[in-house]
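S.K.: Data file my_file10.tsv (TSV, C-alpha atoms) is appended below.
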```
chain	number	residue	atom	x	y	z
A	13	MET	CA	-116.80	5.82	-27.41
A	14	THR	CA	-114.58	6.89	-30.35
A	15	SER	CA	-114.14	6.66	-34.12
A	16	SER	CA	-112.03	4.40	-36.32
A	17	SER	CA	-111.89	2.91	-39.78
A	18	SER	CA	-112.73	-0.53	-38.38
A	19	PRO	CA	-115.18	-0.08	-35.52
A	20	PRO	CA	-115.99	-3.00	-33.31
A	21	GLY	CA	-119.04	-4.86	-34.54
A	22	PRO	CA	-120.81	-8.17	-34.35
A	23	GLY	CA	-118.84	-10.07	-37.08
A	24	PRO	CA	-117.24	-13.15	-35.53
A	25	VAL	CA	-119.43	-12.85	-32.44
A	26	SER	CA	-122.29	-14.43	-34.36
A	27	GLU	CA	-119.93	-17.11	-35.64
A	28	VAL	CA	-118.58	-17.88	-32.17
A	29	ALA	CA	-121.82	-17.75	-30.16
A	30	PRO	CA	-124.71	-18.49	-32.49
A	31	ALA	CA	-128.23	-18.69	-31.12
A	32	GLY	CA	-128.82	-21.93	-29.30
A	33	ARG	CA	-125.28	-22.44	-28.07
A	34	ARG	CA	-124.67	-22.73	-24.36
A	35	PRO	CA	-121.97	-20.45	-22.89
A	36	ALA	CA	-119.56	-23.36	-22.41
A	37	GLN	CA	-119.92	-24.28	-26.09
A	38	ALA	CA	-119.37	-20.66	-27.17
A	39	LEU	CA	-116.25	-20.36	-25.00
A	40	ALA	CA	-114.95	-23.68	-26.39
A	41	ALA	CA	-115.61	-22.40	-29.92
A	42	PHE	CA	-113.66	-19.22	-29.15
A	43	ASN	CA	-110.79	-21.24	-27.68
A	44	ALA	CA	-110.72	-23.39	-30.83
A	45	LEU	CA	-110.67	-20.52	-33.33
A	46	GLU	CA	-107.66	-20.34	-35.65
A	47	GLY	CA	-105.26	-17.54	-34.73
A	48	HIS	CA	-106.43	-15.06	-37.36
A	49	ALA	CA	-110.12	-15.65	-36.57
A	50	ALA	CA	-109.50	-15.30	-32.82
A	51	THR	CA	-107.53	-12.10	-33.45
A	52	ALA	CA	-110.41	-10.71	-35.51
A	53	ALA	CA	-112.96	-11.62	-32.82
A	54	LEU	CA	-110.86	-9.98	-30.11
A	55	ARG	CA	-110.22	-6.92	-32.29
A	56	GLU	CA	-113.97	-6.38	-32.43
A	57	ALA	CA	-114.07	-6.38	-28.64
A	58	CYS	CA	-111.05	-4.07	-28.27
A	59	ALA	CA	-108.91	-2.48	-30.98
A	60	SER	CA	-105.68	-2.65	-28.97
A	61	ALA	CA	-103.40	-5.15	-30.69
A	62	GLU	CA	-101.42	-5.62	-27.47
A	63	TRP	CA	-104.56	-6.42	-25.47
A	64	GLY	CA	-105.55	-8.97	-28.12
A	65	ARG	CA	-102.06	-10.55	-28.14
A	66	ARG	CA	-102.17	-10.98	-24.38
A	67	LEU	CA	-105.59	-12.62	-24.47
A	68	LEU	CA	-104.59	-14.92	-27.33
A	69	ALA	CA	-101.51	-16.00	-25.40
A	70	GLY	CA	-103.71	-17.09	-22.50
A	71	ARG	CA	-105.92	-19.44	-24.51
A	72	PRO	CA	-107.54	-21.80	-23.84
A	73	TYR	CA	-109.72	-20.33	-21.10
A	74	ALA	CA	-111.54	-22.74	-18.79
A	75	THR	CA	-114.27	-20.25	-17.89
A	76	THR	CA	-115.60	-16.88	-18.93
A	77	ASP	CA	-114.34	-15.52	-15.60
A	78	ASP	CA	-110.81	-16.65	-16.52
A	79	LEU	CA	-111.11	-14.78	-19.82
A	80	LEU	CA	-112.40	-11.65	-18.06
A	81	ARG	CA	-109.58	-11.77	-15.50
A	82	ALA	CA	-107.07	-12.05	-18.35
A	83	SER	CA	-108.72	-9.02	-20.00
A	84	ASP	CA	-108.46	-7.03	-16.77
A	85	ALA	CA	-104.79	-7.95	-16.39
A	86	ALA	CA	-104.05	-7.00	-20.00
A	87	MET	CA	-105.86	-3.66	-19.57
A	88	ALA	CA	-103.78	-2.87	-16.49
A	89	GLU	CA	-100.59	-3.30	-18.53
A	90	LEU	CA	-101.53	-1.28	-21.62
A	91	SER	CA	-99.34	1.69	-22.45
A	92	THR	CA	-100.74	5.11	-23.30
A	93	ALA	CA	-100.27	4.30	-27.00
A	94	ASP	CA	-102.15	0.99	-26.58
A	95	LEU	CA	-105.02	2.85	-24.88
A	96	GLN	CA	-105.10	5.38	-27.71
A	97	GLU	CA	-105.26	2.54	-30.23
A	98	ALA	CA	-108.19	1.01	-28.35
A	99	MET	CA	-110.02	4.35	-28.05
A	100	ALA	CA	-109.66	5.05	-31.76
A	101	ALA	CA	-112.26	2.36	-32.48
A	102	HIS	CA	-114.99	4.03	-30.42
A	103	PRO	CA	-117.35	6.57	-31.99
A	104	PRO	CA	-118.17	9.69	-29.96
A	105	ILE	CA	-121.07	9.42	-27.53
A	106	GLY	CA	-124.23	10.44	-29.32
A	107	ARG	CA	-122.77	9.66	-32.74
A	108	PRO	CA	-122.60	5.87	-33.15
A	109	GLU	CA	-120.90	4.65	-36.30
A	110	PRO	CA	-123.55	4.22	-39.04
A	111	GLY	CA	-124.29	0.56	-39.64
A	112	ASP	CA	-122.47	-0.53	-36.47
A	113	PRO	CA	-124.98	-2.38	-34.29
A	114	THR	CA	-122.47	-2.64	-31.42
A	115	SER	CA	-122.04	1.11	-30.97
A	116	ALA	CA	-125.77	1.68	-31.51
A	117	ARG	CA	-126.60	-0.94	-28.84
A	118	GLU	CA	-124.04	0.41	-26.39
A	119	GLN	CA	-125.16	4.01	-26.87
A	120	ARG	CA	-128.85	3.19	-26.66
A	121	GLY	CA	-129.22	5.79	-23.88
A	122	MET	CA	-128.72	8.56	-26.45
A	123	ALA	CA	-131.23	7.14	-28.94
A	124	GLY	CA	-134.18	9.14	-27.59
A	125	ALA	CA	-132.17	12.20	-26.58
A	126	SER	CA	-133.56	15.61	-27.45
A	127	GLU	CA	-131.86	17.72	-30.10
A	128	GLU	CA	-130.79	20.04	-27.28
A	129	LEU	CA	-129.05	17.19	-25.43
A	130	ARG	CA	-127.45	15.94	-28.67
A	131	ALA	CA	-126.11	19.43	-29.40
A	132	GLU	CA	-124.81	19.75	-25.83
A	133	MET	CA	-123.08	16.35	-26.10
A	134	LEU	CA	-121.44	17.38	-29.36
A	135	GLU	CA	-120.14	20.56	-27.74
A	136	LEU	CA	-118.94	18.67	-24.65
A	137	ASN	CA	-117.31	15.94	-26.79
A	138	LEU	CA	-115.38	18.63	-28.69
A	139	ALA	CA	-114.30	20.36	-25.46
A	140	TYR	CA	-113.18	17.02	-24.04
A	141	GLN	CA	-111.27	16.19	-27.22
A	142	ASP	CA	-109.55	19.59	-27.15
A	143	ARG	CA	-108.56	19.08	-23.51
A	144	PHE	CA	-107.40	15.46	-23.63
A	145	GLY	CA	-106.59	14.78	-27.29
A	146	HIS	CA	-109.05	11.91	-27.71
A	147	VAL	CA	-112.77	11.31	-27.64
A	148	PHE	CA	-114.69	11.00	-24.40
A	149	LEU	CA	-114.85	7.31	-23.54
A	150	ILE	CA	-117.36	5.89	-21.09
A	151	CYS	CA	-119.06	2.54	-20.71
A	152	ALA	CA	-122.37	3.81	-22.07
A	153	THR	CA	-124.28	0.54	-21.63
A	154	GLY	CA	-127.22	1.17	-19.32
A	155	ARG	CA	-126.61	4.93	-19.02
A	156	THR	CA	-129.02	7.64	-20.05
A	157	GLY	CA	-127.99	10.53	-22.24
A	158	GLU	CA	-128.21	12.82	-19.23
A	159	GLN	CA	-125.92	10.56	-17.19
A	160	MET	CA	-123.33	10.57	-19.98
A	161	ARG	CA	-123.59	14.36	-20.29
A	162	ASP	CA	-123.09	14.76	-16.54
A	163	ALA	CA	-120.09	12.40	-16.63
A	164	VAL	CA	-118.32	14.31	-19.40
A	165	LYS	CA	-118.95	17.60	-17.60
A	166	GLU	CA	-117.46	16.19	-14.41
A	167	ARG	CA	-114.49	14.58	-16.14
A	168	LEU	CA	-113.50	17.75	-17.99
A	169	GLY	CA	-112.02	18.92	-14.68
A	170	ASN	CA	-109.68	15.92	-14.37
A	171	SER	CA	-105.96	16.02	-14.97
A	172	PRO	CA	-104.73	14.09	-18.04
A	173	GLU	CA	-103.26	11.44	-15.71
A	174	GLN	CA	-106.55	11.00	-13.82
A	175	GLU	CA	-108.46	10.84	-17.05
A	176	ARG	CA	-106.13	8.23	-18.56
A	177	GLU	CA	-106.84	5.89	-15.62
A	178	ILE	CA	-110.59	6.55	-15.81
A	179	VAL	CA	-110.46	5.75	-19.53
A	180	ARG	CA	-108.57	2.54	-18.73
A	181	THR	CA	-111.30	1.55	-16.26
A	182	GLU	CA	-114.15	2.44	-18.64
A	183	LEU	CA	-112.49	0.59	-21.51
A	184	GLY	CA	-112.07	-2.42	-19.23
A	185	LYS	CA	-115.83	-2.37	-18.51
A	186	ILE	CA	-116.61	-2.17	-22.22
A	187	ASN	CA	-114.22	-5.04	-22.96
A	188	ARG	CA	-115.85	-7.20	-20.28
A	189	ILE	CA	-119.31	-6.63	-21.78
A	190	ARG	CA	-118.09	-7.35	-25.30
A	191	LEU	CA	-116.13	-10.45	-24.29
A	192	THR	CA	-119.11	-11.78	-22.39
A	193	ARG	CA	-121.26	-11.28	-25.49
A	194	LEU	CA	-118.59	-13.08	-27.50
A	195	VAL	CA	-118.52	-16.20	-25.36
A	196	GLU	CA	-121.98	-16.36	-23.77
A	197	GLU	CA	-125.26	-16.36	-25.61
A	198	ASP	CA	-127.30	-14.48	-23.00
A	199	ALA	CA	-124.83	-11.67	-22.30
A	200	PRO	CA	-126.02	-8.18	-21.34
A	201	ALA	CA	-126.66	-5.76	-24.18
```
In structure tokens, write the structure found in this file.
M.R.:
Amino acid sequence: MTSSSSPPGPGPVSEVAPAGRRPAQALAAFNALEGHAATAALREACASAEWGRRLLAGRPYATTDDLLRASDAAMAELSTADLQEAMAAHPPIGRPEPGDPTSAREQRGMAGASEELRAEMLELNLAYQDRFGHVFLICATGRTGEQMRDAVKERLGNSPEQEREIVRTELGKINRIRLTRLVEEDAPA
């Protein structure tokens, strides 16, 4: 994931889906948020302003699945600039943003990585950034450090066009996880 001055974090998530709320209540609370609060909550899930505008325009959502389908549709329509805006909020794999529990949770697979693997990931992240002009983005949730290393090695051989669509898919997976956490109390980590 990549870096930004305002990385996604837990902020409004805890306000929208506090402990003890059922998913339907959390989704209803999200649907009822004032525009600026809903924008802030969505911005923490994905930094693309266009993606957020599209999801806001679709409110209210009857189910979490409806929200996730709207997210997928918005992702499919994002321009290259919109994707770059979204990627800018993700810290590099192996270097979660200090104090950002979201990136630390999502990159948990690198937490116990050896210094050798961390150094290799740094080198691979830099090579990827040189090749594609942005940080390596992957849905890191549930992946080991070795799996992420292998993925970046494999993806370095992609064309920029192939990589842009892979990034779109990976970002869509990340958005789904984050949205689910936003509107359901027992979402995956």
S.K.: Between CA of Ile178 in chain A and CA of Glu128 in chain A, what is the distance in Å, rounded to a tenth?
M.R.: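 Computed distance, CA of Ile178 in chain A to CA of Glu128 in chain A, equals 26.9 Å.
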S.K.: Quick one: pull the distance between CA of Ala100 in chain A and CA of Ile186 in chain A, Å, one decimal.
M.R.: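 Answer for the CA of Ala100 in chain A to CA of Ile186 in chain A separation: 13.8 Å.
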S.K.: Could you list, as JSON, numbers by chain, every residue within 10 Å of range 83-96 of chain A, counting all atoms listed in the file and ignoring same-chain residues fewer than 2 positions away?
M.R.: {"A": [14, 58, 59, 60, 61, 62, 63, 64, 65, 66, 67, 70, 77, 78, 79, 80, 81, 98, 99, 100, 101, 145, 146, 147, 176, 177, 179, 180, 181, 183, 184, 185, 187, 188, 191]}
S.K.: Could you tell me how far CA of Asn43 in chain A lies from CA of Pro72 in chain A, in Å and to one decimal?
M.R.: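 According to the coordinates, CA of Asn43 in chain A and CA of Pro72 in chain A are separated by 5.1 Å.
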S.K.: Counting all atoms listed in the file, which of A:Val164, A:Ala53, A:Ala69, A:Ala40 gets nearest to Ala139 in chain A?
M.R.: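 Of A:Val164, A:Ala53, A:Ala69, A:Ala40, the one nearest Ala139 in chain A, counting all atoms listed in the file, is A:Val164.
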S.K.: Just checking: using only C-alpha atoms, which residue out of A:Arg107, A:Arg161, A:His48, A:Arg55 ends up closest to Ala123 in chain A?
M.R.: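 Ranked by minimum distance to Ala123 in chain A, first place goes to A:Arg107.
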S.K.: Which polymer residues, protein or nucleic acid, are no farther than 9 Å from (-123.1, 13.1, -27.4), counting only C-alpha atoms, as a VMD selection string?
M.R.: chain A and resid 104 to 107 122 129 to 137 157 160 to 161
S.K.: Would you mind telling me which residue in A:Arg190, A:Arg71, A:Arg167, A:Arg155 lies nearest to Arg120 in chain A when using only C-alpha atoms?
M.R.: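 Once distances to Arg120 in chain A are computed over only C-alpha atoms, the minimum belongs to A:Arg155.
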